[in-house]
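Everything below concerns the one structure shown next.
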Amino acid sequence: MDEQLQQAIEEVQRCSLGSEERESALSALVKHILRSRKVFRFCQGQPLWGIYEEVYQRLKVRLTEELNSTIDDYNLENPSVREWASNRLNIVYRSAIDHALLKRLAIEAQNQEPGTELRQYALRELVGAIQVSGRLCHPHRGRWNPQFYELVYEETVNQTLIYVCQKIHLYNPNRGDGKFMNWVNFKLDKKFLDIAQQFRNSEDLPNLSEIENIPTPEYPPSIANCIQQVIERDPDNLFTKTHIRGNQKATFKAIVLARLLGKSWEEISQELGEIPVATLSGFFYRCCKKFSYLFEQCRY
């Protein structure tokens with residue numbers, strides 16, 4: 001995959017600006033990168049249609065423009081070809097998926113019969129578009145330490161997107177300015193405070209919720225080190241055997257160790273096979289609660 005991507009990039013760089021060869025090579029590179037797109041995928045192997053085909057073509061045009069203006073400055077070493085291509089695609093997502101498009105995607109989901117495969121597809125594409133659009137708000141940032149905030153925020157986003165799927169019929173495009181993301185972000189803001197309070201009141205795994213707020217003795221190992229030791233010892237292989245369904249690499253052990261190394265959810269997602277961040281974080285929080293009794297020693 002990376003080798004083919006690198007060859008495609010090098011082919012574009014070798015061609016003269018404005019030449020037919022460059023246009024052809026650039027078109028091939030765009031198609032190659034779009035194969036890894038997270039949204040607007042085919043439905044049951046069928047060609048895209050309607051708004052989904054329209055958005056795909058928009059992404060194609062925007063990505064061509066983005067690559068054409070940046071590809072000659074890329075040296076194929078830093079960052080990696082996959083990271084570079086992913087960054088280009090993320091830029092395109094944010095420019096192409098605007099408020100008007102998200103509103104249309106929401107209405108498309110509403111128009112599909114509940115319980116049908118088309119409804120599920122429409123909701124899946126809507127949620128994916130929300131996630132990559134960069135238009136989710138970050139409420140109340142600065143009130144808590146960054147680690148606790150990120151933990152609460154990820155769970156809030158997860159629950160908000162579930163709400164969107166379950167209650168899409170409640171969205172009224174004719175109310176106020178009709179912006180779909182105003183409806184989504186209003187719900188996210190309210191959920192954030194509720195979830196933050198739940199986390200502060202819970203007895204879940206330290207360090208993975210409020211480690212910076214827990215006093216650490218001067219001489220004994222830090223809470224983070226204690227947790228890492230428990231995870232690595234893995235009593236009865238509980239943490240290794242517990243994994244996301246269908247992906248035995250995505251174990252609770254692997255995810256916790258990655259978090260303790262400071263890796264973001266996006267980085268962990270890529271390392272474990274492009275697992276949706278909402279799936280990762282939801283699995284993570286459930287396991288934290290399930291195994292919290294094994295980490296009691298780390299509080300003292």
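Lettering and numbering for the structure tokens are positional, with chains as A, B, ... in the shown order, residues counted from 1 in each chain, and ligands counted from 1 in the shown order.
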List as a tab-separated table every residue of stretch 79-113 of chain A that is in contact with stretch 157-177 of chain A, defined as an atom at most 10 Å from one of its atoms (using only C-alpha atoms), together with the nearest atom pair and the distance in Å rounded to one decimal, sorted by chain and then rising number.
```
residue	atom	partner	partner_atom	distance
A:Lys103	CA	A:Pro173	CA	7.4
A:Arg104	CA	A:Pro173	CA	9.3
A:Ala106	CA	A:Ile168	CA	7.4
A:Ile107	CA	A:Pro173	CA	7.8
A:Ala109	CA	A:Ile168	CA	7.7
A:Gln110	CA	A:His169	CA	6.0
A:Asn111	CA	A:His169	CA	9.2
```
Would you put the residues from that selection into a file with N, CA and C atoms, as a compact mmCIF listing (two decimals), in the first residue's frame?
```txt
# COMPACT_ATOMS: atom_id res chain seq x y z
N LYS A 103 -26.47 19.53 6.16
CA LYS A 103 -27.93 19.66 6.24
C LYS A 103 -28.61 18.76 5.22
N ARG A 104 -28.10 18.74 4.00
CA ARG A 104 -28.68 17.89 2.96
C ARG A 104 -28.53 16.41 3.30
N ALA A 106 -28.42 15.17 6.29
CA ALA A 106 -29.36 14.89 7.38
C ALA A 106 -30.77 14.69 6.82
N ILE A 107 -31.17 15.54 5.90
CA ILE A 107 -32.51 15.43 5.30
C ILE A 107 -32.61 14.13 4.49
N ALA A 109 -31.10 11.35 5.19
CA ALA A 109 -31.29 10.28 6.17
C ALA A 109 -32.74 10.26 6.67
N GLN A 110 -33.31 11.43 6.92
CA GLN A 110 -34.69 11.50 7.37
C GLN A 110 -35.66 10.91 6.35
N ASN A 111 -35.33 11.08 5.07
CA ASN A 111 -36.23 10.65 4.01
C ASN A 111 -36.22 9.15 3.77
```
For stretch 86-92 of chain A, work out the shell of residues within 10 Å, counting only C-alpha atoms and skipping chain neighbours fewer than 3 positions away, then give it as JSON, numbers by chain.
{"A": [30, 33, 34, 36, 37, 38, 58, 59, 60, 61, 62, 63, 64, 65, 66, 67, 70, 71, 79, 80, 81, 82, 83, 95, 96, 97, 132, 133, 134]}
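Within the 9 Å cut-off around A:Tyr153, using only C-alpha atoms and omitting residues fewer than 2 positions from it on the same chain, the listed residues are His138, Pro139, Phe148, Tyr149, Glu150, Leu151, Glu155, Thr156, Val157, Asn158, Phe192, Ile195 and Ala196 of chain A.
A straight line drawn from atom CA of A:Cys15 to atom CA of A:His32 is 17.7 Å long.
Closest approach to A:Tyr285 among A:Phe239, A:Trp144, A:Phe252, A:Phe186: A:Phe252, based on only C-alpha atoms.
Pairwise distance (atom CA of A:Gly282, atom CA of A:Gln197) equals 17.4 Å.
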Could you pull out all residues of stretch 116-163 of chain A with a DSSP call of alpha helix (DSSP H) and give them as a PyMOL selection string?
chain A and resi 117-133+146-163
